[in-house]
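K.L.:
The structure is given below, and queries will be raised subsequently.
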Amino acid sequence: MSAEANDITQPFSIHLASLYQSLTRLIDKYQRQSISQSLIQETLAFSEEFIDVSKHFPEALLAQLQFYKVQYSYSVNLVFNQVLATYVIASRNQWNDTAIQHLLCCVISQFGGVIESLDRRAKDPSINIDRKHITQHNLPLLRILNQLHLEIWFSGVRHAELRYHAHPELILSRINKQSHELSILCLGTYIGQRLTRTKSEKALAFPQILRLIARKLSSADYSLLDGLLQYPTLVPPGSLVSLKDGRYLLVLTTFKNHLFGKAFSAETRDCANEVESHSTSDIKQVLSQQPIKTLSSFDTWWDESSLQHCGYQNQIDSDDSSNTEIERPQLRPKLFKLDTPPPTLLSIQAHLYSDDLDTNTLTNLILAEPVFAMHIKTTATLSSRENIVITDVKHGLLMHGFERANSILMDHALTLRLNQHYFPAQEQLLQFCHLFKHLVATISESKKPLTPELMACWAGFASAGFFTSPSLKSKLSVTVNQQGGPSLSHVIETENAHLLSQHAQKLCQCWDQPKQLLLALRTLESGNLNLNSPKQHDTIAYILGLGLILAKATYWAADYTFTEPDKDWLKLAPRFLGKALDYQETIEKALAKAHSYSPLTSKKR
């Protein structure tokens, strides 16, 4: 990557040229099969750069699917379009950036052994490609990916043969019953191929492609297309459309049923300066991919002043909903900052601790955030001894009590912030932490002044590192760590496990949690409980550690048994809880409330 491309203030065409040049080099290296860790790092760096460019120039980059770069080979155009299509689908399905990065790496490397053949076949359709050569060629790559534990990338490359067909529609037949990541790779590969023109075959228009996909997919897989239909819609940025008045329009961006674009001249292949607004009903036809020679054209077509004329206000990383302008459509759903609690939660807490606490005011503050209102009603329903369905927020609030409701809402807000974007191992981690919280709540039922709700909330903070660790975002599943003891770094097998507790402690500070929780997390990680005269943070650390030990043994069941360090910790219950604990009874009681589901065993735990 050039120094110019490193500077995000440079024009978009500079970044685009850098991406194409880097991709050309990578394709050549994967074709020559010189697999090394440096090549892996180079591919990861390209994908990271690609994602970064998409955040600064979303419409202009998305528009590249609609243009064929004549200065680059068919294979470079094809792979770029497949990378971009995969990125768009994964983004609209709310995937995490790190997980997307590994999907893009897979797309770049998946057809390394047949790239030359793809270029020849683009000129002569009679050339046959032996699909088995894809797998054979990828064996060195698979070995190094396995060694580096890059599971998403490894899984994608291992199934690369399934995503190559001379007849692209056959790719879609592979989607049914596949994992989420493989389905996205199939769709991205297919869309990229159908959008890329060859010498003998014209590319399809985007609406045609989506209709073909919809006819081939099973109803269970329709959700993969939901995000695409909302944005970029059937007429994405970069589309060249013919209007009913006989003119052509280059679409800059779209919003609901409206297009914003510039008049396009079929003779000069250039655009007018003025931005026009049209309804989708004005469209006569959406044209297929267009050839382009000069990348600098994109700088004038998608200049910032033109986008501002579209009437949108870009709001990235902002909770401020007071802006009355229409929000500019986002390829990636808006990401809320993890190091700052939601303003609505802060408002609720400010009123809770005020001198003039009023139930109606507090109820209205909760109602202002629909996810909080629903959670208060849901948790109140679950805790109702008479199995009454709670449909009123005020009723649920009074059932919980103010302090308990505060803990419940804080835990829910934290969970939502930690899981804004999807990654494959997320469900396992969510279910494990859900069980961990219920175990901690059950253990602390009689340990006043610590309420079960507060301890469950603090268990959420303790386990936050599972959702912030980059190494876990590239895994398809997680494995239990057979090393015993209550430490967070001993729960699952992962790189830099010692950072899990550090991430949790940092988050506690950002969310202004009590000092005793921070001390408890440090004590939990070190295992140095004060046995002679325990302080409150020692008790908190003990309860969290006991919850982790029982959660490990319960969630992973047949794959884990208590170790000697576990047993030593279990024996300390009378000292910290004031009584011995029936662990089997505790587990059964927690499971009855948690309704946890383990995707590892396909059984309710």
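Residue numbers start at 1 in each chain; chains themselves are named A, B, ... in the order of the structure tokens; ligands are numbered from 1 in the order shown.
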Which polymer residues have any atom within 7 Å of an atom of A:Leu234, counting only C-alpha atoms, with same-chain residues fewer than 4 positions away left out, as a ChimeraX atom specification?
P.N.:
/A:206-207,229
K.L.:
Got time to write the residues from that selection, N, CA, C and O atoms, as a PDB file, in the first residue's frame?
P.N.:
```pdb
ATOM      1  N   PHE A 206     -28.202  -5.780 -11.481  1.00  0.00           N
ATOM      2  CA  PHE A 206     -28.367  -6.176 -10.083  1.00  0.00           C
ATOM      3  C   PHE A 206     -29.773  -6.710  -9.775  1.00  0.00           C
ATOM      4  O   PHE A 206     -29.912  -7.731  -9.095  1.00  0.00           O
ATOM      5  N   PRO A 207     -30.864  -6.061 -10.250  1.00  0.00           N
ATOM      6  CA  PRO A 207     -32.200  -6.601  -9.952  1.00  0.00           C
ATOM      7  C   PRO A 207     -32.399  -8.007 -10.533  1.00  0.00           C
ATOM      8  O   PRO A 207     -33.046  -8.852  -9.899  1.00  0.00           O
ATOM      9  N   LEU A 229     -32.239  -5.787   0.405  1.00  0.00           N
ATOM     10  CA  LEU A 229     -33.442  -5.163  -0.140  1.00  0.00           C
ATOM     11  C   LEU A 229     -33.738  -3.834   0.544  1.00  0.00           C
ATOM     12  O   LEU A 229     -34.337  -2.942  -0.060  1.00  0.00           O
TER      13      LEU A 229
END
```
K.L.:
Compile the contact shell of A:Pro237 as a list of chain:residue names: residues with an atom at most 9 Å away, counting only C-alpha atoms, same-chain residues fewer than 3 positions apart removed.
P.N.:
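My reading of the contact set: A:Glu59, A:Ala60, A:Leu61, A:Leu62, A:Ala63, A:Gln64, A:Leu65, A:Gln66, A:Pro232, A:Leu240, A:Leu250, A:Val251, A:Leu252, A:Thr253, A:Thr254, A:Leu259, A:Phe260, A:Gly261.
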K.L.:
Quick one: contact table of stretch 23-132 of chain A to stretch 214-228 of chain A, 10 Å max, nearest atom pair and distance in Å to one decimal per residue, counting only C-alpha atoms, chain and number order, as CSV?
P.N.:
```
residue,atom,partner,partner_atom,distance
A:Val88,CA,A:Leu228,CA,7.9
A:Ile89,CA,A:Leu228,CA,6.9
A:Ala90,CA,A:Leu224,CA,8.8
A:Ser91,CA,A:Gly227,CA,8.6
A:Arg92,CA,A:Gly227,CA,4.8
A:Asn93,CA,A:Gly227,CA,6.3
A:Gln94,CA,A:Gly227,CA,8.8
```
K.L.:
Using only C-alpha atoms, which of A:Lys506, A:Arg120, A:Lys593, A:Lys447 sits nearest A:Leu577?
P.N.:
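The answer is A:Lys447, which sits nearest to A:Leu577.
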K.L.:
Applying 12 Å and only C-alpha atoms, which residues near stretch 36-41 of chain A remain after dropping the ones on its own chain fewer than 5 positions away? List them as JSON, numbers by chain.
P.N.:
{"A": [22, 23, 25, 26, 27, 28, 29, 30, 46, 47, 48, 101, 102, 105, 106, 108, 109, 140, 141, 142, 143, 144, 145, 146, 147, 148, 150, 153, 154]}
K.L.:
Go ahead and write the residues just picked, N, CA and C atoms, as a PDB file, in the first residue's frame.
P.N.:
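Heads up, here's the output in selection05.pdb:
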```pdb
ATOM      1  N   SER A  22      -2.944  -3.844  -5.040  1.00  0.00           N
ATOM      2  CA  SER A  22      -2.647  -4.834  -3.992  1.00  0.00           C
ATOM      3  C   SER A  22      -3.313  -6.166  -4.306  1.00  0.00           C
ATOM      4  N   LEU A  23      -4.549  -6.109  -4.787  1.00  0.00           N
ATOM      5  CA  LEU A  23      -5.266  -7.338  -5.108  1.00  0.00           C
ATOM      6  C   LEU A  23      -4.602  -8.078  -6.268  1.00  0.00           C
ATOM      7  N   ARG A  25      -1.450  -8.152  -6.973  1.00  0.00           N
ATOM      8  CA  ARG A  25      -0.271  -8.832  -6.427  1.00  0.00           C
ATOM      9  C   ARG A  25      -0.666 -10.082  -5.643  1.00  0.00           C
ATOM     10  N   LEU A  26      -1.709  -9.973  -4.849  1.00  0.00           N
ATOM     11  CA  LEU A  26      -2.143 -11.112  -4.048  1.00  0.00           C
ATOM     12  C   LEU A  26      -2.618 -12.270  -4.930  1.00  0.00           C
ATOM     13  N   ILE A  27      -3.395 -11.952  -5.954  1.00  0.00           N
ATOM     14  CA  ILE A  27      -3.888 -12.998  -6.859  1.00  0.00           C
ATOM     15  C   ILE A  27      -2.719 -13.734  -7.503  1.00  0.00           C
ATOM     16  N   ASP A  28      -1.702 -12.972  -7.913  1.00  0.00           N
ATOM     17  CA  ASP A  28      -0.519 -13.588  -8.526  1.00  0.00           C
ATOM     18  C   ASP A  28       0.197 -14.508  -7.530  1.00  0.00           C
ATOM     19  N   LYS A  29       0.300 -14.087  -6.279  1.00  0.00           N
ATOM     20  CA  LYS A  29       1.008 -14.899  -5.279  1.00  0.00           C
ATOM     21  C   LYS A  29       0.243 -16.176  -4.954  1.00  0.00           C
ATOM     22  N   TYR A  30      -1.071 -16.096  -4.834  1.00  0.00           N
ATOM     23  CA  TYR A  30      -1.847 -17.308  -4.550  1.00  0.00           C
ATOM     24  C   TYR A  30      -1.848 -18.256  -5.745  1.00  0.00           C
ATOM     25  N   PHE A  46      -4.766  -6.321   3.440  1.00  0.00           N
ATOM     26  CA  PHE A  46      -5.596  -5.850   2.329  1.00  0.00           C
ATOM     27  C   PHE A  46      -7.060  -5.778   2.751  1.00  0.00           C
ATOM     28  N   SER A  47      -7.541  -6.827   3.396  1.00  0.00           N
ATOM     29  CA  SER A  47      -8.945  -6.856   3.809  1.00  0.00           C
ATOM     30  C   SER A  47      -9.251  -5.760   4.811  1.00  0.00           C
ATOM     31  N   GLU A  48      -8.304  -5.493   5.696  1.00  0.00           N
ATOM     32  CA  GLU A  48      -8.484  -4.416   6.662  1.00  0.00           C
ATOM     33  C   GLU A  48      -8.560  -3.067   5.956  1.00  0.00           C
ATOM     34  N   GLN A 101     -13.435  -9.593   7.842  1.00  0.00           N
ATOM     35  CA  GLN A 101     -12.069  -9.563   7.321  1.00  0.00           C
ATOM     36  C   GLN A 101     -11.614 -10.955   6.884  1.00  0.00           C
ATOM     37  N   HIS A 102     -11.953 -11.963   7.667  1.00  0.00           N
ATOM     38  CA  HIS A 102     -11.532 -13.325   7.346  1.00  0.00           C
ATOM     39  C   HIS A 102     -12.352 -13.917   6.195  1.00  0.00           C
ATOM     40  N   CYS A 105     -10.656 -12.502   3.098  1.00  0.00           N
ATOM     41  CA  CYS A 105      -9.404 -13.218   2.829  1.00  0.00           C
ATOM     42  C   CYS A 105      -9.677 -14.538   2.109  1.00  0.00           C
ATOM     43  N   CYS A 106     -10.734 -15.208   2.521  1.00  0.00           N
ATOM     44  CA  CYS A 106     -11.103 -16.468   1.877  1.00  0.00           C
ATOM     45  C   CYS A 106     -11.439 -16.249   0.410  1.00  0.00           C
ATOM     46  N   ILE A 108     -10.415 -13.924  -1.599  1.00  0.00           N
ATOM     47  CA  ILE A 108      -9.199 -13.602  -2.363  1.00  0.00           C
ATOM     48  C   ILE A 108      -8.411 -14.856  -2.709  1.00  0.00           C
ATOM     49  N   SER A 109      -8.356 -15.796  -1.781  1.00  0.00           N
ATOM     50  CA  SER A 109      -7.464 -16.952  -1.940  1.00  0.00           C
ATOM     51  C   SER A 109      -8.141 -18.206  -2.473  1.00  0.00           C
ATOM     52  N   PRO A 140      -1.643 -26.499   0.643  1.00  0.00           N
ATOM     53  CA  PRO A 140      -0.642 -25.774   1.461  1.00  0.00           C
ATOM     54  C   PRO A 140      -1.265 -24.615   2.240  1.00  0.00           C
ATOM     55  N   LEU A 141      -2.220 -23.944   1.613  1.00  0.00           N
ATOM     56  CA  LEU A 141      -2.900 -22.838   2.284  1.00  0.00           C
ATOM     57  C   LEU A 141      -3.706 -23.356   3.481  1.00  0.00           C
ATOM     58  N   LEU A 142      -4.408 -24.465   3.294  1.00  0.00           N
ATOM     59  CA  LEU A 142      -5.201 -25.034   4.383  1.00  0.00           C
ATOM     60  C   LEU A 142      -4.324 -25.433   5.566  1.00  0.00           C
ATOM     61  N   ARG A 143      -3.150 -25.955   5.276  1.00  0.00           N
ATOM     62  CA  ARG A 143      -2.247 -26.369   6.359  1.00  0.00           C
ATOM     63  C   ARG A 143      -1.837 -25.182   7.224  1.00  0.00           C
ATOM     64  N   ILE A 144      -1.474 -24.073   6.589  1.00  0.00           N
ATOM     65  CA  ILE A 144      -1.009 -22.930   7.368  1.00  0.00           C
ATOM     66  C   ILE A 144      -2.172 -22.236   8.078  1.00  0.00           C
ATOM     67  N   LEU A 145      -3.350 -22.218   7.462  1.00  0.00           N
ATOM     68  CA  LEU A 145      -4.524 -21.639   8.123  1.00  0.00           C
ATOM     69  C   LEU A 145      -4.904 -22.451   9.357  1.00  0.00           C
ATOM     70  N   ASN A 146      -4.764 -23.756   9.253  1.00  0.00           N
ATOM     71  CA  ASN A 146      -5.057 -24.629  10.390  1.00  0.00           C
ATOM     72  C   ASN A 146      -4.053 -24.393  11.528  1.00  0.00           C
ATOM     73  N   GLN A 147      -2.793 -24.217  11.158  1.00  0.00           N
ATOM     74  CA  GLN A 147      -1.752 -23.964  12.162  1.00  0.00           C
ATOM     75  C   GLN A 147      -1.988 -22.643  12.888  1.00  0.00           C
ATOM     76  N   LEU A 148      -2.504 -21.664  12.155  1.00  0.00           N
ATOM     77  CA  LEU A 148      -2.720 -20.326  12.723  1.00  0.00           C
ATOM     78  C   LEU A 148      -4.107 -20.181  13.355  1.00  0.00           C
ATOM     79  N   LEU A 150      -7.032 -19.962  12.035  1.00  0.00           N
ATOM     80  CA  LEU A 150      -7.910 -19.011  11.342  1.00  0.00           C
ATOM     81  C   LEU A 150      -9.111 -19.787  10.807  1.00  0.00           C
ATOM     82  N   TRP A 153     -11.632 -18.480   7.783  1.00  0.00           N
ATOM     83  CA  TRP A 153     -10.900 -18.529   6.514  1.00  0.00           C
ATOM     84  C   TRP A 153     -10.659 -19.982   6.106  1.00  0.00           C
ATOM     85  N   PHE A 154     -10.232 -20.808   7.051  1.00  0.00           N
ATOM     86  CA  PHE A 154      -9.973 -22.220   6.772  1.00  0.00           C
ATOM     87  C   PHE A 154     -11.226 -22.923   6.266  1.00  0.00           C
TER      88      PHE A 154
END
```
K.L.:
Quick one: of A:Asn387, A:Thr198, A:Ser13, A:Gln482, who's nearest to A:Phe562, counting only C-alpha atoms?
P.N.:
A:Gln482
K.L.:
Tell me which protein, DNA and RNA residues are within 7 Å of A:Ile134, counting only C-alpha atoms, leaving out same-chain ones fewer than 2 positions away, and put them as JSON, numbers by chain.
P.N.:
{"A": [111, 113, 114, 131, 132, 136, 137, 138, 161]}
K.L.:
Pull N, CA and C atoms from the residues just selected and write them as a PDB file, in the first residue's frame.
P.N.:
```
ATOM      1  N   PHE A 111      -9.722 -19.368  -5.146  1.00  0.00           N
ATOM      2  CA  PHE A 111      -9.551 -19.943  -6.490  1.00  0.00           C
ATOM      3  C   PHE A 111      -8.139 -19.753  -7.040  1.00  0.00           C
ATOM      4  N   GLY A 113      -5.683 -21.648  -7.592  1.00  0.00           N
ATOM      5  CA  GLY A 113      -5.157 -22.629  -8.545  1.00  0.00           C
ATOM      6  C   GLY A 113      -5.764 -22.578  -9.922  1.00  0.00           C
ATOM      7  N   VAL A 114      -6.866 -21.798 -10.097  1.00  0.00           N
ATOM      8  CA  VAL A 114      -7.525 -21.789 -11.416  1.00  0.00           C
ATOM      9  C   VAL A 114      -7.676 -20.378 -11.980  1.00  0.00           C
ATOM     10  N   ARG A 131     -12.492 -28.833 -11.387  1.00  0.00           N
ATOM     11  CA  ARG A 131     -12.790 -28.276 -10.074  1.00  0.00           C
ATOM     12  C   ARG A 131     -11.941 -28.921  -8.980  1.00  0.00           C
ATOM     13  N   LYS A 132     -11.540 -30.160  -9.171  1.00  0.00           N
ATOM     14  CA  LYS A 132     -10.743 -30.848  -8.152  1.00  0.00           C
ATOM     15  C   LYS A 132      -9.376 -30.191  -7.966  1.00  0.00           C
ATOM     16  N   GLN A 136      -6.840 -29.365  -4.532  1.00  0.00           N
ATOM     17  CA  GLN A 136      -5.438 -29.799  -4.513  1.00  0.00           C
ATOM     18  C   GLN A 136      -4.497 -28.608  -4.366  1.00  0.00           C
ATOM     19  N   HIS A 137      -4.778 -27.555  -5.099  1.00  0.00           N
ATOM     20  CA  HIS A 137      -3.918 -26.376  -5.062  1.00  0.00           C
ATOM     21  C   HIS A 137      -3.961 -25.713  -3.677  1.00  0.00           C
ATOM     22  N   ASN A 138      -5.115 -25.788  -3.010  1.00  0.00           N
ATOM     23  CA  ASN A 138      -5.299 -25.089  -1.737  1.00  0.00           C
ATOM     24  C   ASN A 138      -4.743 -25.838  -0.522  1.00  0.00           C
ATOM     25  N   GLU A 161     -14.193 -25.527  -3.564  1.00  0.00           N
ATOM     26  CA  GLU A 161     -14.594 -26.266  -4.773  1.00  0.00           C
ATOM     27  C   GLU A 161     -16.104 -26.176  -5.011  1.00  0.00           C
TER      28      GLU A 161
END
```
K.L.:
Name the closest residue to A:Ser297 among the candidates A:Ile14, A:Leu331, A:Leu357, A:Leu544; distances are taken between atoms, counting only C-alpha atoms.
P.N.:
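Of A:Ile14, A:Leu331, A:Leu357, A:Leu544, the one nearest A:Ser297, counting only C-alpha atoms, is A:Ile14.
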K.L.:
Counting only C-alpha atoms, which residue out of A:Gln431, A:Asn81, A:Ser296, A:Gln289 sits closest to A:Glu201?
P.N.:
A:Gln289
K.L.:
Could you check the closest approach to A:Tyr72 for each of A:Ala17, A:Val235, A:Val275, A:Leu572 and tell me which residue wins, using only C-alpha atoms?
P.N.:
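Closest candidate: A:Ala17.
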K.L.:
Which residue, A:Ser34, A:Thr135, A:Asn360, A:Gln509, has the smallest gap to A:Arg158 when you use only C-alpha atoms?
P.N.:
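Checking each of A:Ser34, A:Thr135, A:Asn360, A:Gln509 against A:Arg158, counting only C-alpha atoms, the winner is A:Thr135.
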K.L.:
Considering only C-alpha atoms, return as a list in words whatever protein or nucleic-acid residues lie within 9 Å of A:Leu338, sequence-local ones (same chain, fewer than 6 positions apart) excluded.
P.N.:
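Answer for this query is Leu414, Arg417, Leu418, Leu507 and Cys510 of chain A.
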K.L.:
I need the residues in stretch 224-329 of chain A that are strand (DSSP E) according to DSSP; give them as an MDAnalysis selection string.
P.N.:
chainID A and resid 240:243 248:255 258:264 276:279 283:286 290:292 312:313 326:327
K.L.:
Once you have the residues from the selection above, write them out as a short mmCIF file (atom, residue, chain, number, x, y, z; two decimals), in the first residue's frame, restricted to N, CA and C atoms.
P.N.:
```cif
data_model
loop_
_atom_site.label_atom_id
_atom_site.label_comp_id
_atom_site.auth_asym_id
_atom_site.auth_seq_id
_atom_site.Cartn_x
_atom_site.Cartn_y
_atom_site.Cartn_z
N LEU A 240 -26.55 2.41 -13.60
CA LEU A 240 -26.93 3.29 -14.71
C LEU A 240 -28.34 2.89 -15.12
N VAL A 241 -29.26 3.83 -15.02
CA VAL A 241 -30.66 3.52 -15.33
C VAL A 241 -31.15 4.39 -16.47
N SER A 242 -32.02 3.83 -17.27
CA SER A 242 -32.71 4.63 -18.29
C SER A 242 -34.05 5.06 -17.69
N LEU A 243 -34.37 6.35 -17.84
CA LEU A 243 -35.60 6.90 -17.28
C LEU A 243 -36.70 6.89 -18.34
N TYR A 248 -30.60 9.12 -19.33
CA TYR A 248 -29.91 8.16 -18.46
C TYR A 248 -29.52 8.86 -17.16
N LEU A 249 -29.51 8.08 -16.08
CA LEU A 249 -29.15 8.62 -14.77
C LEU A 249 -28.15 7.68 -14.10
N LEU A 250 -27.04 8.26 -13.61
CA LEU A 250 -26.10 7.50 -12.80
C LEU A 250 -26.49 7.68 -11.34
N VAL A 251 -26.82 6.59 -10.67
CA VAL A 251 -27.32 6.65 -9.30
C VAL A 251 -26.16 6.85 -8.32
N LEU A 252 -26.24 7.92 -7.51
CA LEU A 252 -25.23 8.17 -6.50
C LEU A 252 -25.56 7.43 -5.20
N THR A 253 -26.82 7.48 -4.82
CA THR A 253 -27.27 6.77 -3.63
C THR A 253 -28.77 6.59 -3.69
N THR A 254 -29.31 5.79 -2.81
CA THR A 254 -30.74 5.51 -2.80
C THR A 254 -31.27 5.63 -1.38
N PHE A 255 -32.57 5.93 -1.28
CA PHE A 255 -33.22 5.94 0.03
C PHE A 255 -34.68 5.60 -0.18
N HIS A 258 -36.60 6.40 -3.44
CA HIS A 258 -36.05 7.56 -4.15
C HIS A 258 -34.61 7.31 -4.57
N LEU A 259 -34.26 7.87 -5.72
CA LEU A 259 -32.89 7.80 -6.25
C LEU A 259 -32.32 9.21 -6.28
N PHE A 260 -31.05 9.33 -6.00
CA PHE A 260 -30.34 10.59 -6.17
C PHE A 260 -29.19 10.32 -7.12
N GLY A 261 -29.12 11.07 -8.20
CA GLY A 261 -28.09 10.79 -9.19
C GLY A 261 -27.83 11.96 -10.11
N LYS A 262 -27.00 11.70 -11.11
CA LYS A 262 -26.63 12.73 -12.07
C LYS A 262 -26.95 12.24 -13.48
N ALA A 263 -27.41 13.17 -14.32
CA ALA A 263 -27.70 12.83 -15.71
C ALA A 263 -26.43 12.33 -16.39
N PHE A 264 -26.55 11.22 -17.13
CA PHE A 264 -25.39 10.56 -17.74
C PHE A 264 -25.52 10.63 -19.26
N GLU A 276 -29.95 15.11 -9.25
CA GLU A 276 -31.39 15.02 -9.45
C GLU A 276 -31.99 13.98 -8.51
N SER A 277 -33.25 14.17 -8.18
CA SER A 277 -33.98 13.20 -7.35
C SER A 277 -35.11 12.60 -8.17
N HIS A 278 -35.23 11.29 -8.12
CA HIS A 278 -36.28 10.59 -8.89
C HIS A 278 -36.90 9.50 -8.04
N SER A 279 -38.15 9.23 -8.31
CA SER A 279 -38.80 8.07 -7.71
C SER A 279 -38.41 6.82 -8.49
N ILE A 283 -38.07 4.83 -13.33
CA ILE A 283 -37.08 3.99 -14.00
C ILE A 283 -37.76 3.14 -15.10
N LYS A 284 -37.15 3.15 -16.26
CA LYS A 284 -37.59 2.27 -17.34
C LYS A 284 -36.82 0.97 -17.31
N GLN A 285 -35.48 1.05 -17.08
CA GLN A 285 -34.64 -0.15 -17.07
C GLN A 285 -33.36 0.12 -16.27
N VAL A 286 -32.91 -0.89 -15.53
CA VAL A 286 -31.61 -0.84 -14.87
C VAL A 286 -30.61 -1.57 -15.76
N GLN A 290 -20.98 -1.39 -16.61
CA GLN A 290 -20.43 -0.52 -17.64
C GLN A 290 -18.90 -0.51 -17.60
N PRO A 291 -18.24 -0.45 -18.77
CA PRO A 291 -16.78 -0.35 -18.78
C PRO A 291 -16.32 1.06 -18.41
N ILE A 292 -15.17 1.15 -17.75
CA ILE A 292 -14.62 2.46 -17.40
C ILE A 292 -13.10 2.38 -17.48
N TYR A 312 -28.74 14.23 2.97
CA TYR A 312 -28.56 13.32 4.09
C TYR A 312 -27.56 13.88 5.08
N GLN A 313 -27.75 13.53 6.31
CA GLN A 313 -26.80 13.87 7.37
C GLN A 313 -26.21 12.57 7.90
N ILE A 326 -32.91 13.74 7.34
CA ILE A 326 -32.95 12.31 7.04
C ILE A 326 -31.53 11.75 7.15
N GLU A 327 -31.40 10.66 7.85
CA GLU A 327 -30.07 10.08 8.01
C GLU A 327 -29.62 9.40 6.72
#
```
K.L.:
Can you tell me, as a list in words, what residues are no more than 8 Å from A:Ala456 when counting only C-alpha atoms, ignoring any on the same chain fewer than 4 positions away?
P.N.:
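Skipping anything fewer than 4 positions along the chain leaves Asp411, Lys437, His438, Val440, Ala441, Pro452 and Gly460 of chain A.
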K.L.:
Would you save the residues from that selection as a short mmCIF file (atom, residue, chain, number, x, y, z; two decimals), in the first residue's frame, using N, CA, C and O atoms?
P.N.:
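Result file is selection20.cif:
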```
data_model
loop_
_atom_site.label_atom_id
_atom_site.label_comp_id
_atom_site.auth_asym_id
_atom_site.auth_seq_id
_atom_site.Cartn_x
_atom_site.Cartn_y
_atom_site.Cartn_z
N ASP A 411 -27.40 -4.68 32.81
CA ASP A 411 -26.92 -5.93 32.23
C ASP A 411 -27.41 -6.07 30.79
O ASP A 411 -26.65 -6.48 29.90
N LYS A 437 -24.42 -16.24 34.41
CA LYS A 437 -25.14 -15.21 35.16
C LYS A 437 -26.19 -15.83 36.08
O LYS A 437 -26.34 -15.40 37.24
N HIS A 438 -26.93 -16.81 35.57
CA HIS A 438 -27.98 -17.43 36.39
C HIS A 438 -27.38 -18.23 37.54
O HIS A 438 -27.97 -18.29 38.64
N VAL A 440 -24.51 -17.50 39.07
CA VAL A 440 -24.05 -16.49 40.03
C VAL A 440 -25.23 -15.92 40.81
O VAL A 440 -25.16 -15.72 42.03
N ALA A 441 -26.35 -15.66 40.10
CA ALA A 441 -27.54 -15.13 40.77
C ALA A 441 -28.08 -16.13 41.78
O ALA A 441 -28.48 -15.74 42.90
N PRO A 452 -29.24 -10.98 43.71
CA PRO A 452 -28.98 -11.83 42.54
C PRO A 452 -28.87 -11.03 41.24
O PRO A 452 -28.04 -11.33 40.39
N GLY A 460 -21.97 -10.26 34.01
CA GLY A 460 -21.94 -9.79 32.63
C GLY A 460 -20.69 -8.97 32.34
O GLY A 460 -20.06 -9.11 31.30
#
```
K.L.:
Interatomic distance between atom CA of A:Gly547 and atom CA of A:Gln513?
P.N.:
20.0 Å
K.L.:
Report the residues of stretch 245-366 of chain A whose backbone DSSP state falls under alpha helix (DSSP H), written as a PyMOL selection string.
P.N.:
chain A and resi 297-301+304-309+343-352+359-366
K.L.:
Suppose we keep C-alpha atoms; can you now write the selection as a CSV table (one decimal), in the first residue's frame?
P.N.:
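Saved to selection_24.csv:
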```csv
chain,number,residue,atom,x,y,z
A,297,SER,CA,-14.0,9.8,-12.8
A,298,PHE,CA,-15.4,8.5,-9.5
A,299,ASP,CA,-13.9,11.5,-7.6
A,300,THR,CA,-16.1,13.9,-9.6
A,301,TRP,CA,-19.2,11.7,-9.7
A,304,GLU,CA,-18.8,15.1,-1.2
A,305,SER,CA,-20.7,18.2,-2.3
A,306,SER,CA,-22.9,16.0,-4.5
A,307,LEU,CA,-23.6,13.7,-1.6
A,308,GLN,CA,-24.5,16.6,0.6
A,309,HIS,CA,-27.0,17.7,-2.1
A,343,PRO,CA,-27.7,8.0,27.2
A,344,THR,CA,-31.2,6.5,28.0
A,345,LEU,CA,-29.6,4.3,30.7
A,346,LEU,CA,-27.7,7.2,32.2
A,347,SER,CA,-31.0,9.2,32.3
A,348,ILE,CA,-32.7,6.3,34.1
A,349,GLN,CA,-29.9,6.0,36.6
A,350,ALA,CA,-29.8,9.8,37.2
A,351,HIS,CA,-33.4,9.8,38.1
A,352,LEU,CA,-33.0,6.6,40.3
A,359,THR,CA,-42.4,6.1,39.6
A,360,ASN,CA,-44.3,7.6,36.7
A,361,THR,CA,-41.3,9.6,35.5
A,362,LEU,CA,-39.0,6.5,35.8
A,363,THR,CA,-41.6,4.5,33.8
A,364,ASN,CA,-41.7,7.1,31.0
A,365,LEU,CA,-37.9,7.1,30.9
A,366,ILE,CA,-37.9,3.3,30.4
```
K.L.:
Could you tell me how far atom CA of A:Gly484 lies from atom CA of A:Asn419, in Å and to one decimal?
P.N.:
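If I compute the distance from atom CA of A:Gly484 to atom CA of A:Asn419, I get 27.7 Å.
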